[in-house]
>>> print(open('final_28.pdb').read())   # PDB, C-alpha atoms
ATOM      1  CA  MET N  29       0.000   0.000   0.000
ATOM      2  CA  ASP N  30       2.805   2.441   0.822
ATOM      3  CA  GLU N  31       6.441   2.657   1.930
ATOM      4  CA  CYS N  32       6.206  -0.369   4.246
ATOM      5  CA  GLU N  33       7.254  -3.728   2.875
ATOM      6  CA  GLN N  34       3.903  -5.204   3.908
ATOM      7  CA  ARG N  35       0.529  -4.033   5.241
ATOM      8  CA  LEU N  36      -1.892  -6.770   4.131
ATOM      9  CA  PHE N  37      -1.507 -10.552   4.184
ATOM     10  CA  LEU N  38      -3.652 -13.196   2.518
ATOM     11  CA  ARG N  39      -3.216 -16.892   3.229
ATOM     12  CA  PRO N  40      -5.371 -20.031   2.842
ATOM     13  CA  GLY N  41      -7.410 -20.967   5.903
ATOM     14  CA  SER N  42     -10.360 -23.114   6.860
ATOM     15  CA  GLN N  43     -12.194 -20.307   8.701
ATOM     16  CA  ASP N  44     -12.082 -17.822   5.799
ATOM     17  CA  ASP N  45     -11.845 -14.974   8.309
ATOM     18  CA  VAL N  46      -9.456 -12.402   9.734
ATOM     19  CA  ALA N  47      -6.434 -14.309  11.048
ATOM     20  CA  ALA N  48      -4.746 -11.399  12.826
ATOM     21  CA  VAL N  49      -5.095  -7.660  13.399
ATOM     22  CA  GLY N  50      -1.683  -6.018  13.529
ATOM     23  CA  LEU N  51      -0.713  -3.334  16.047
ATOM     24  CA  ALA N  52       2.639  -1.575  15.755
ATOM     25  CA  ALA N  53       4.633  -0.117  18.659
ATOM     26  CA  LEU N  54       6.546   3.089  17.956
ATOM     27  CA  ASN N  55       9.713   2.031  19.778
ATOM     28  CA  ARG N  56      11.256  -0.587  22.050
ATOM     29  CA  GLY N  57      10.083   1.179  25.199
ATOM     30  CA  GLU N  58       6.443   1.126  24.087
ATOM     31  CA  PHE N  59       6.733  -2.480  22.934
ATOM     32  CA  ASP N  60       8.159  -3.665  26.259
ATOM     33  CA  ALA N  61       5.641  -1.604  28.244
ATOM     34  CA  ALA N  62       2.756  -3.171  26.301
ATOM     35  CA  LEU N  63       4.150  -6.653  26.945
ATOM     36  CA  GLY N  64       4.302  -5.812  30.642
ATOM     37  CA  ARG N  65       0.647  -4.738  30.704
ATOM     38  CA  LEU N  66      -0.394  -7.888  28.825
ATOM     39  CA  LYS N  67       1.521 -10.077  31.263
ATOM     40  CA  ALA N  68       0.063  -8.256  34.281
ATOM     41  CA  ALA N  69      -3.438  -8.766  32.862
ATOM     42  CA  GLY N  70      -2.828 -12.501  32.546
ATOM     43  CA  VAL N  71      -3.062 -12.519  28.758
ATOM     44  CA  ALA N  72      -1.559 -15.600  27.111
ATOM     45  CA  MET N  73       1.090 -14.534  24.588
ATOM     46  CA  HIS N  74       3.058 -16.326  21.900
ATOM     47  CA  LYS N  75       6.355 -14.842  20.743
ATOM     48  CA  GLY N  76       6.865 -14.983  17.019
ATOM     49  CA  ASP N  77       9.952 -16.860  15.884
ATOM     50  CA  GLU N  78      12.380 -15.711  13.210
ATOM     51  CA  SER N  79      10.283 -17.126  10.365
ATOM     52  CA  ALA N  80       7.112 -15.410  11.631
ATOM     53  CA  CYS N  81       8.923 -12.068  11.916
ATOM     54  CA  ARG N  82      10.381 -12.526   8.458
ATOM     55  CA  ALA N  83       6.929 -13.252   7.009
ATOM     56  CA  ARG N  84       5.531 -10.059   8.634
ATOM     57  CA  HIS N  85       8.588  -7.980   7.685
ATOM     58  CA  VAL N  86       9.106  -6.876  11.302
ATOM     59  CA  THR N  87      11.821  -7.137  13.958
ATOM     60  CA  ASP N  88       9.754  -8.511  16.864
ATOM     61  CA  LEU N  89       6.280 -10.043  17.070
ATOM     62  CA  VAL N  90       3.926 -11.234  19.825
ATOM     63  CA  SER N  91       0.477 -12.742  19.204
ATOM     64  CA  PHE N  92      -2.478 -12.934  21.631
ATOM     65  CA  ARG N  93      -6.292 -12.578  21.721
ATOM     66  CA  ASP N  94      -8.663  -9.982  23.123
ATOM     67  CA  PRO N  95     -11.462 -11.040  25.547
ATOM     68  CA  SER N  96     -13.813 -11.570  22.573
ATOM     69  CA  GLY N  97     -11.356 -13.996  20.975
ATOM     70  CA  ASN N  98     -10.165 -11.670  18.201
ATOM     71  CA  PRO N  99      -6.584 -12.528  17.202
ATOM     72  CA  LEU N 100      -4.068  -9.689  17.576
ATOM     73  CA  GLU N 101      -0.380  -9.235  16.846
ATOM     74  CA  LEU N 102       1.879  -6.576  18.366
ATOM     75  CA  CYS N 103       4.971  -5.858  16.316
ATOM     76  CA  LEU N 104       8.062  -3.695  16.456
ATOM     77  CA  GLY N 105      10.252  -2.508  13.613
ATOM     78  CA  GLN N 106       8.111  -2.513  10.468
ATOM     79  CA  ARG N 107      10.532  -2.668   7.566
ATOM     80  CA  VAL N 108      10.552   0.067   4.957
ATOM     81  CA  ALA N 109      10.761  -1.026   1.323
ATOM     82  CA  ALA N 110      13.590   0.127  -0.910
ATOM     83  CA  THR N 111      10.956   1.477  -3.307
ATOM     84  CA  ALA N 112       7.538   2.621  -2.119
ATOM     85  CA  PHE N 113       4.523   0.896  -3.680
ATOM     86  CA  ALA N 114       2.838   2.799  -6.507
ATOM     87  CA  SER N 115      -0.524   1.751  -7.932
ATOM     88  CA  ALA N 116      -1.198   2.194 -11.641
ATOM     89  CA  VAL N 117      -4.969   2.483 -11.058
ATOM     90  CA  ALA N 118      -4.788   4.526  -7.822
ATOM     91  CA  PRO N 119      -1.847   6.886  -8.372
ATOM     92  CA  SER N 120      -2.781   9.102  -5.411
ATOM     93  CA  GLY N 121      -2.061   6.178  -3.078
ATOM     94  CA  PHE N 122      -3.409   5.614   0.418
ATOM     95  CA  VAL N 123      -3.395   7.650   3.644
ATOM     96  CA  THR N 124      -1.271   5.544   5.999
ATOM     97  CA  GLY N 125       2.086   6.544   7.504
ATOM     98  CA  ASP N 126       1.996   7.192  11.253
ATOM     99  CA  MET N 127      -1.790   6.617  11.248
ATOM    100  CA  GLY N 128      -1.545   3.009  10.088
ATOM    101  CA  MET N 129      -3.494   1.203   7.403
ATOM    102  CA  GLY N 130      -7.024   2.486   8.065
ATOM    103  CA  HIS N 131      -9.500   0.910  10.475
ATOM    104  CA  ILE N 132     -11.237  -2.352  11.280
ATOM    105  CA  VAL N 133     -14.579  -3.000  13.008
ATOM    106  CA  LEU N 134     -14.501  -6.103  15.198
ATOM    107  CA  VAL N 135     -17.636  -7.988  16.244
ATOM    108  CA  THR N 136     -18.035  -8.581  19.974
ATOM    109  CA  GLN N 137     -20.829  -9.927  22.146
ATOM    110  CA  ASP N 138     -19.147  -8.885  25.411
ATOM    111  CA  LEU N 139     -18.414  -5.190  24.994
ATOM    112  CA  GLU N 140     -17.267  -3.839  28.359
ATOM    113  CA  PRO N 141     -14.485  -6.373  29.135
ATOM    114  CA  THR N 142     -13.248  -6.062  25.559
ATOM    115  CA  LEU N 143     -13.352  -2.264  25.735
ATOM    116  CA  ARG N 144     -11.397  -2.242  29.009
ATOM    117  CA  PHE N 145      -8.797  -4.499  27.390
ATOM    118  CA  TYR N 146      -8.218  -2.056  24.530
ATOM    119  CA  THR N 147      -8.100   1.009  26.784
ATOM    120  CA  ASP N 148      -6.386  -0.277  29.944
ATOM    121  CA  VAL N 149      -4.089  -2.942  28.480
ATOM    122  CA  ILE N 150      -3.464  -1.959  24.862
ATOM    123  CA  GLY N 151      -3.561   1.752  25.702
ATOM    124  CA  MET N 152      -6.071   3.067  23.147
ATOM    125  CA  ALA N 153      -8.615   5.819  23.892
ATOM    126  CA  VAL N 154     -12.308   6.205  23.087
ATOM    127  CA  SER N 155     -13.128   8.772  20.391
ATOM    128  CA  ASP N 156     -16.908   8.268  20.272
ATOM    129  CA  ARG N 157     -19.520   5.688  21.152
ATOM    130  CA  GLY N 158     -23.210   5.293  20.395
ATOM    131  CA  ALA N 159     -25.991   3.174  18.932
ATOM    132  CA  GLU N 160     -28.117   3.140  15.796
ATOM    133  CA  GLU N 161     -31.061   1.140  14.490
ATOM    134  CA  TRP N 162     -30.174  -0.703  11.292
ATOM    135  CA  ALA N 163     -32.588  -3.007   9.433
ATOM    136  CA  GLY N 164     -34.478  -3.808  12.614
ATOM    137  CA  LEU N 165     -31.302  -4.314  14.664
ATOM    138  CA  THR N 166     -29.814  -2.031  17.308
ATOM    139  CA  ILE N 167     -26.097  -1.785  16.700
ATOM    140  CA  GLU N 168     -23.845  -0.338  19.392
ATOM    141  CA  ALA N 169     -20.295   0.721  18.585
ATOM    142  CA  VAL N 170     -17.262   2.168  20.349
ATOM    143  CA  PHE N 171     -14.593   3.913  18.264
ATOM    144  CA  LEU N 172     -11.000   3.739  19.537
ATOM    145  CA  HIS N 173      -7.949   5.741  18.497
ATOM    146  CA  CYS N 174      -4.219   5.330  19.060
ATOM    147  CA  ASN N 175      -3.072   8.238  16.869
ATOM    148  CA  ARG N 176      -4.769  11.240  15.244
ATOM    149  CA  ARG N 177      -7.010   9.047  13.038
ATOM    150  CA  HIS N 178     -10.527   9.129  14.528
ATOM    151  CA  HIS N 179     -10.528   5.361  14.955
ATOM    152  CA  SER N 180      -8.205   2.516  14.089
ATOM    153  CA  ILE N 181     -10.357  -0.119  15.812
ATOM    154  CA  ALA N 182     -14.096  -0.071  16.475
ATOM    155  CA  LEU N 183     -16.001  -2.618  18.541
ATOM    156  CA  GLY N 184     -19.500  -3.489  17.341
ATOM    157  CA  VAL N 185     -22.320  -5.118  19.318
ATOM    158  CA  GLY N 186     -25.549  -6.350  17.776
ATOM    159  CA  ILE N 187     -23.962  -7.102  14.404
ATOM    160  CA  PRO N 188     -24.890 -10.606  13.215
ATOM    161  CA  PRO N 189     -21.706 -12.577  14.071
ATOM    162  CA  VAL N 190     -21.076 -14.014  10.620
ATOM    163  CA  LYS N 191     -17.349 -13.291  10.916
ATOM    164  CA  ARG N 192     -14.977 -11.810  13.496
ATOM    165  CA  THR N 193     -14.897  -8.544  11.589
ATOM    166  CA  ALA N 194     -17.763  -6.464  10.217
ATOM    167  CA  HIS N 195     -15.509  -4.558   7.805
ATOM    168  CA  PHE N 196     -12.075  -3.054   7.278
ATOM    169  CA  GLU N 197     -11.381   0.354   5.730
ATOM    170  CA  MET N 198      -8.625   1.694   3.490
ATOM    171  CA  HIS N 199      -8.198   5.477   3.391
ATOM    172  CA  VAL N 200      -7.525   7.488   0.219
ATOM    173  CA  PRO N 201      -6.589  11.178  -0.147
ATOM    174  CA  ASP N 202      -9.688  12.652  -1.813
ATOM    175  CA  ILE N 203     -13.264  12.151  -2.991
ATOM    176  CA  ASP N 204     -12.180  11.457  -6.581
ATOM    177  CA  ALA N 205     -10.176   8.434  -5.410
ATOM    178  CA  VAL N 206     -13.290   7.136  -3.619
ATOM    179  CA  GLY N 207     -15.452   7.640  -6.716
ATOM    180  CA  LEU N 208     -12.963   5.998  -9.064
ATOM    181  CA  ALA N 209     -12.648   2.996  -6.724
ATOM    182  CA  CYS N 210     -16.438   2.683  -6.696
ATOM    183  CA  ASP N 211     -16.522   2.745 -10.499
ATOM    184  CA  ARG N 212     -13.789   0.080 -10.718
ATOM    185  CA  ALA N 213     -15.564  -2.154  -8.209
ATOM    186  CA  ARG N 214     -18.875  -1.939 -10.049
ATOM    187  CA  ALA N 215     -17.204  -2.554 -13.426
ATOM    188  CA  ALA N 216     -15.526  -5.662 -11.965
ATOM    189  CA  GLY N 217     -18.861  -7.033 -10.774
ATOM    190  CA  VAL N 218     -17.991  -6.675  -7.074
ATOM    191  CA  GLU N 219     -21.024  -6.524  -4.789
ATOM    192  CA  ILE N 220     -21.537  -2.973  -3.500
ATOM    193  CA  THR N 221     -23.280  -3.186  -0.135
ATOM    194  CA  HIS N 222     -23.621   0.523   0.707
ATOM    195  CA  LEU N 223     -23.672   3.408  -1.757
ATOM    196  CA  PRO N 224     -21.485   6.493  -1.141
ATOM    197  CA  GLY N 225     -22.332   8.535   1.924
ATOM    198  CA  ARG N 226     -20.827  10.522   4.777
ATOM    199  CA  HIS N 227     -20.310   9.230   8.310
ATOM    200  CA  THR N 228     -20.738  11.335  11.438
ATOM    201  CA  ASP N 229     -16.935  11.345  11.801
ATOM    202  CA  ASP N 230     -16.903  13.228   8.450
ATOM    203  CA  VAL N 231     -15.570  10.298   6.396
ATOM    204  CA  PHE N 232     -16.998  10.040   2.858
ATOM    205  CA  SER N 233     -17.036   6.393   1.730
ATOM    206  CA  PHE N 234     -18.739   3.408   0.156
ATOM    207  CA  TYR N 235     -18.757  -0.315   1.011
ATOM    208  CA  GLY N 236     -18.432  -3.613  -0.830
ATOM    209  CA  ARG N 237     -18.337  -7.277   0.145
ATOM    210  CA  THR N 238     -15.247  -9.487   0.210
ATOM    211  CA  PRO N 239     -15.412 -13.086  -1.059
ATOM    212  CA  SER N 240     -15.137 -14.091   2.634
ATOM    213  CA  GLY N 241     -18.482 -12.449   3.421
ATOM    214  CA  PHE N 242     -17.431  -9.466   5.533
ATOM    215  CA  GLU N 243     -17.281  -5.972   4.057
ATOM    216  CA  TRP N 244     -14.581  -3.538   2.978
ATOM    217  CA  GLU N 245     -14.801   0.254   2.887
ATOM    218  CA  ILE N 246     -12.963   2.906   0.876
ATOM    219  CA  GLY N 247     -13.063   6.340   2.528
ATOM    220  CA  THR N 248     -11.560   9.807   2.644
ATOM    221  CA  GLY N 249     -11.579  12.754   5.026
ATOM    222  CA  GLY N 250     -12.623  12.426   8.640
ATOM    223  CA  TYR N 251     -11.912  14.228  11.882
ATOM    224  CA  ASP N 252      -8.436  14.253  13.345
ATOM    225  CA  VAL N 253      -8.401  13.439  17.062
ATOM    226  CA  GLY N 254      -6.403  16.254  18.614
ATOM    227  CA  PRO N 255      -5.529  16.952  22.254
ATOM    228  CA  ASN N 256      -8.818  18.810  22.830
ATOM    229  CA  TRP N 257     -11.119  16.174  21.333
ATOM    230  CA  ARG N 258     -14.301  15.668  23.340
ATOM    231  CA  GLN N 259     -15.917  12.242  23.212
ATOM    232  CA  ARG N 260     -19.430  12.217  21.722
ATOM    233  CA  HIS N 261     -22.412   9.915  22.130
ATOM    234  CA  LEU N 262     -23.756   9.200  18.641
ATOM    235  CA  THR N 263     -27.360   8.380  17.800
ATOM    236  CA  ARG N 264     -26.425   7.497  14.229
ATOM    237  CA  PHE N 265     -23.195   6.606  12.457
ATOM    238  CA  THR N 266     -24.087   7.997   9.016
ATOM    239  CA  ALA N 267     -25.051  11.626   8.360
ATOM    240  CA  TRP N 268     -26.411  10.838   4.897
ATOM    241  CA  GLY N 269     -26.179   8.159   2.219
ATOM    242  CA  HIS N 270     -24.715   4.660   2.661
ATOM    243  CA  GLN N 271     -28.003   3.166   1.509
ATOM    244  CA  PRO N 272     -28.018  -0.373   0.073
ATOM    245  CA  PRO N 273     -28.220  -0.356  -3.736
ATOM    246  CA  GLY N 274     -31.838  -0.587  -4.886
ATOM    247  CA  GLY N 275     -33.121  -0.637  -1.315
ATOM    248  CA  GLU N 276     -35.376   1.772   0.507
ATOM    249  CA  ALA N 277     -33.797   4.503   2.586
ATOM    250  CA  ARG N 278     -33.461   3.348   6.184
ATOM    251  CA  ARG N 279     -34.010   6.899   7.473
ATOM    252  CA  VAL N 280     -34.735  10.454   6.426
ATOM    253  CA  ALA N 281     -31.257  11.831   6.940
ATOM    254  CA  THR N 282     -30.339  15.355   7.967
ATOM    255  CA  MET N 283     -26.907  16.777   8.525
ATOM    256  CA  PRO N 284     -25.894  16.867  12.210
ATOM    257  CA  THR N 285     -26.835  20.140  13.869
ATOM    258  CA  GLY N 286     -23.973  20.021  16.347
ATOM    259  CA  ARG N 287     -20.586  18.978  15.026
ATOM    260  CA  PRO N 288     -17.895  18.919  17.709
ATOM    261  CA  ALA N 289     -16.047  22.131  18.389
ATOM    262  CA  LEU N 290     -12.602  21.779  16.847
ATOM    263  CA  PRO N 291     -10.206  24.226  18.514
ATOM    264  CA  TRP N 292      -7.206  22.809  16.652
ATOM    265  CA  ARG N 293      -6.411  23.284  12.984
ATOM    266  CA  ARG N 294      -7.581  20.482  10.729
ATOM    267  CA  PRO N 295      -4.474  19.516   8.726
ATOM    268  CA  ALA N 296      -4.284  20.388   5.065
ATOM    269  CA  ARG N 297      -3.931  17.440   2.716
ATOM    270  CA  SER N 298      -0.239  18.135   2.310
ATOM    271  CA  ASP N 299       0.191  17.500   6.055
ATOM    272  CA  ARG N 300      -1.159  13.973   5.763
ATOM    273  CA  CYS N 301       0.945  10.889   5.327
ATOM    274  CA  CYS N 302       0.112   8.943   2.180
TER     275      CYS N 302
END
>>> encode(input="final_28.pdb", output="structure tokens")
Amino acid sequence: MDECEQRLFLRPGSQDDVAAVGLAALNRGEFDAALGRLKAAGVAMHKGDESACRARHVTDLVSFRDPSGNPLELCLGQRVAATAFASAVAPSGFVTGDMGMGHIVLVTQDLEPTLRFYTDVIGMAVSDRGAEEWAGLTIEAVFLHCNRRHHSIALGVGIPPVKRTAHFEMHVPDIDAVGLACDRARAAGVEITHLPGRHTDDVFSFYGRTPSGFEWEIGTGGYDVGPNWRQRHLTRFTAWGHQPPGGEARRVATMPTGRPALPWRRPARSDRCC
């Protein structure tokens, strides 16, 4: 996707599901401190051997699971490629860098212990939380950040547990990149599950379905979580759009009347890593 030697891995498996969600420590001190918190919490860990580290293109690797059973990997020393990846069909690339790959929404049936694990043990912080009615279901979600991206991991409750993950997102620099990706997906016959729309975290995106059954999202924009961010309680996750193709609108949408006060400067596109 970018300057790193590897961001995404695909391998054969009987479960046809997410095999690991990767977390990267900034330095040795953070890596060791995280291992100490995991050990103190009684979390079973498995240290990756040389072959596992080589396959992930990292220096050190430890695998474990969250209280909901989601598989995680904490790594140190992501290797930088000699030549950064460049896509012929998406020349503007992806917004990654110090904000990571994008985000993933994990399905959980036991929210509070899992949330405490990500905040108290992993060290993430809550950006927003809330609930929304969707196709007769009440879906609750908590959005967690570990850098200035609004959320890198979200925990979802009430989502039919078909897979461990509801969807993963890849971030692109602008709305044209989102639109072109949507056109390519439709031309390739990929199932589009939600038409373009804007989330209440200001991300403009659309969704499709992977061959494994869970969804993927391509998005742009979004709020940066600065030092003065104030956590919100959301009553909906989409401001407008994101309707299923050919389906009836699930709501009469209006733009939010009270966006959060943002006392810090929202970075210009040139300030973003991509």
>>> closest_atom_pairs(input="final_28.pdb", of="range 39-129 of chain N", to="range 203-211 of chain N", cutoff="9 Å", atoms="only C-alpha atoms", output="CSV")
residue,atom,partner,partner_atom,distance
N:Val117,CA,N:Ala209,CA,8.8
N:Ala118,CA,N:Ala205,CA,7.1
N:Pro119,CA,N:Ala205,CA,9.0
N:Ser120,CA,N:Ala205,CA,7.4
N:Gly121,CA,N:Ala205,CA,8.7
>>> atom_distance(input="final_28.pdb", atom1="CA of Lys191 in chain N", atom2="CA of Ala267 in chain N")
26.2 Å
>>> resolve_selection(input="final_28.pdb", expression="the PyMOL selection byres ((chain N and resi 131-134) around 10)", output="compact mmCIF listing (two decimals) with C-alpha atoms, in the coordinates of the input")
# COMPACT_ATOMS: atom_id res chain seq x y z
CA VAL N 46 -9.46 -12.40 9.73
CA VAL N 49 -5.10 -7.66 13.40
CA SER N 96 -13.81 -11.57 22.57
CA ASN N 98 -10.16 -11.67 18.20
CA MET N 127 -1.79 6.62 11.25
CA GLY N 128 -1.54 3.01 10.09
CA MET N 129 -3.49 1.20 7.40
CA GLY N 130 -7.02 2.49 8.06
CA VAL N 135 -17.64 -7.99 16.24
CA THR N 136 -18.04 -8.58 19.97
CA ALA N 169 -20.30 0.72 18.58
CA VAL N 170 -17.26 2.17 20.35
CA PHE N 171 -14.59 3.91 18.26
CA LEU N 172 -11.00 3.74 19.54
CA HIS N 173 -7.95 5.74 18.50
CA ARG N 177 -7.01 9.05 13.04
CA HIS N 178 -10.53 9.13 14.53
CA HIS N 179 -10.53 5.36 14.96
CA SER N 180 -8.20 2.52 14.09
CA ILE N 181 -10.36 -0.12 15.81
CA ALA N 182 -14.10 -0.07 16.48
CA LEU N 183 -16.00 -2.62 18.54
CA GLY N 184 -19.50 -3.49 17.34
CA VAL N 185 -22.32 -5.12 19.32
CA ILE N 187 -23.96 -7.10 14.40
CA PRO N 189 -21.71 -12.58 14.07
CA LYS N 191 -17.35 -13.29 10.92
CA ARG N 192 -14.98 -11.81 13.50
CA THR N 193 -14.90 -8.54 11.59
CA ALA N 194 -17.76 -6.46 10.22
CA HIS N 195 -15.51 -4.56 7.80
CA PHE N 196 -12.08 -3.05 7.28
CA GLU N 197 -11.38 0.35 5.73
CA MET N 198 -8.62 1.69 3.49
CA HIS N 199 -8.20 5.48 3.39
CA GLU N 243 -17.28 -5.97 4.06
CA TRP N 244 -14.58 -3.54 2.98
CA GLU N 245 -14.80 0.25 2.89
>>> resolve_selection(input="final_28.pdb", expression="the PyMOL selection byres ((chain N and resi 56) around 12)", output="list in words")
Ala52, Ala53, Leu54, Asn55, Gly57, Glu58, Phe59, Asp60, Ala61, Ala62, Leu63, Thr87, Asp88, Leu89, Leu102, Cys103, Leu104 and Gly105 of chain N
>>> resolve_selection(input="final_28.pdb", expression="the PyMOL selection byres ((chain N and resi 176) around 6)", output="list in words")
Asn175, Arg177, Asp252 and Val253 of chain N
>>> residues_around(input="final_28.pdb", residues="range 220-231 of chain N", least_positions_apart="6", cutoff="10 Å", atoms="all atoms listed in the file", output="ChimeraX atom specification")
/N:155-156,178-179,199,203,206-207,210,213-214,237-238,243-252,262-275,283-284,287-288
>>> atom_distance(input="final_28.pdb", atom1="CA of Arg144 in chain N", atom2="CA of Pro95 in chain N")
9.5 Å
>>> closest_residue(input="final_28.pdb", among="N:Met29, N:Asn256, N:Pro239, N:Lys75", to="Ser91 in chain N", atoms="all atoms listed in the file")
N:Lys75
>>> atom_distance(input="final_28.pdb", atom1="CA of Cys81 in chain N", atom2="CA of Gln34 in chain N")
11.7 Å
>>> residues_around(input="final_28.pdb", residues="Gly151 in chain N", least_positions_apart="4", cutoff="9 Å", atoms="only C-alpha atoms", output="list in words")
Ala62, Phe145, Tyr146, Thr147 and Cys174 of chain N
>>> closest_residue(input="final_28.pdb", among="N:Phe242, N:Gln137, N:Asp202, N:Ile150", to="Glu219 in chain N", atoms="only C-alpha atoms")
N:Phe242
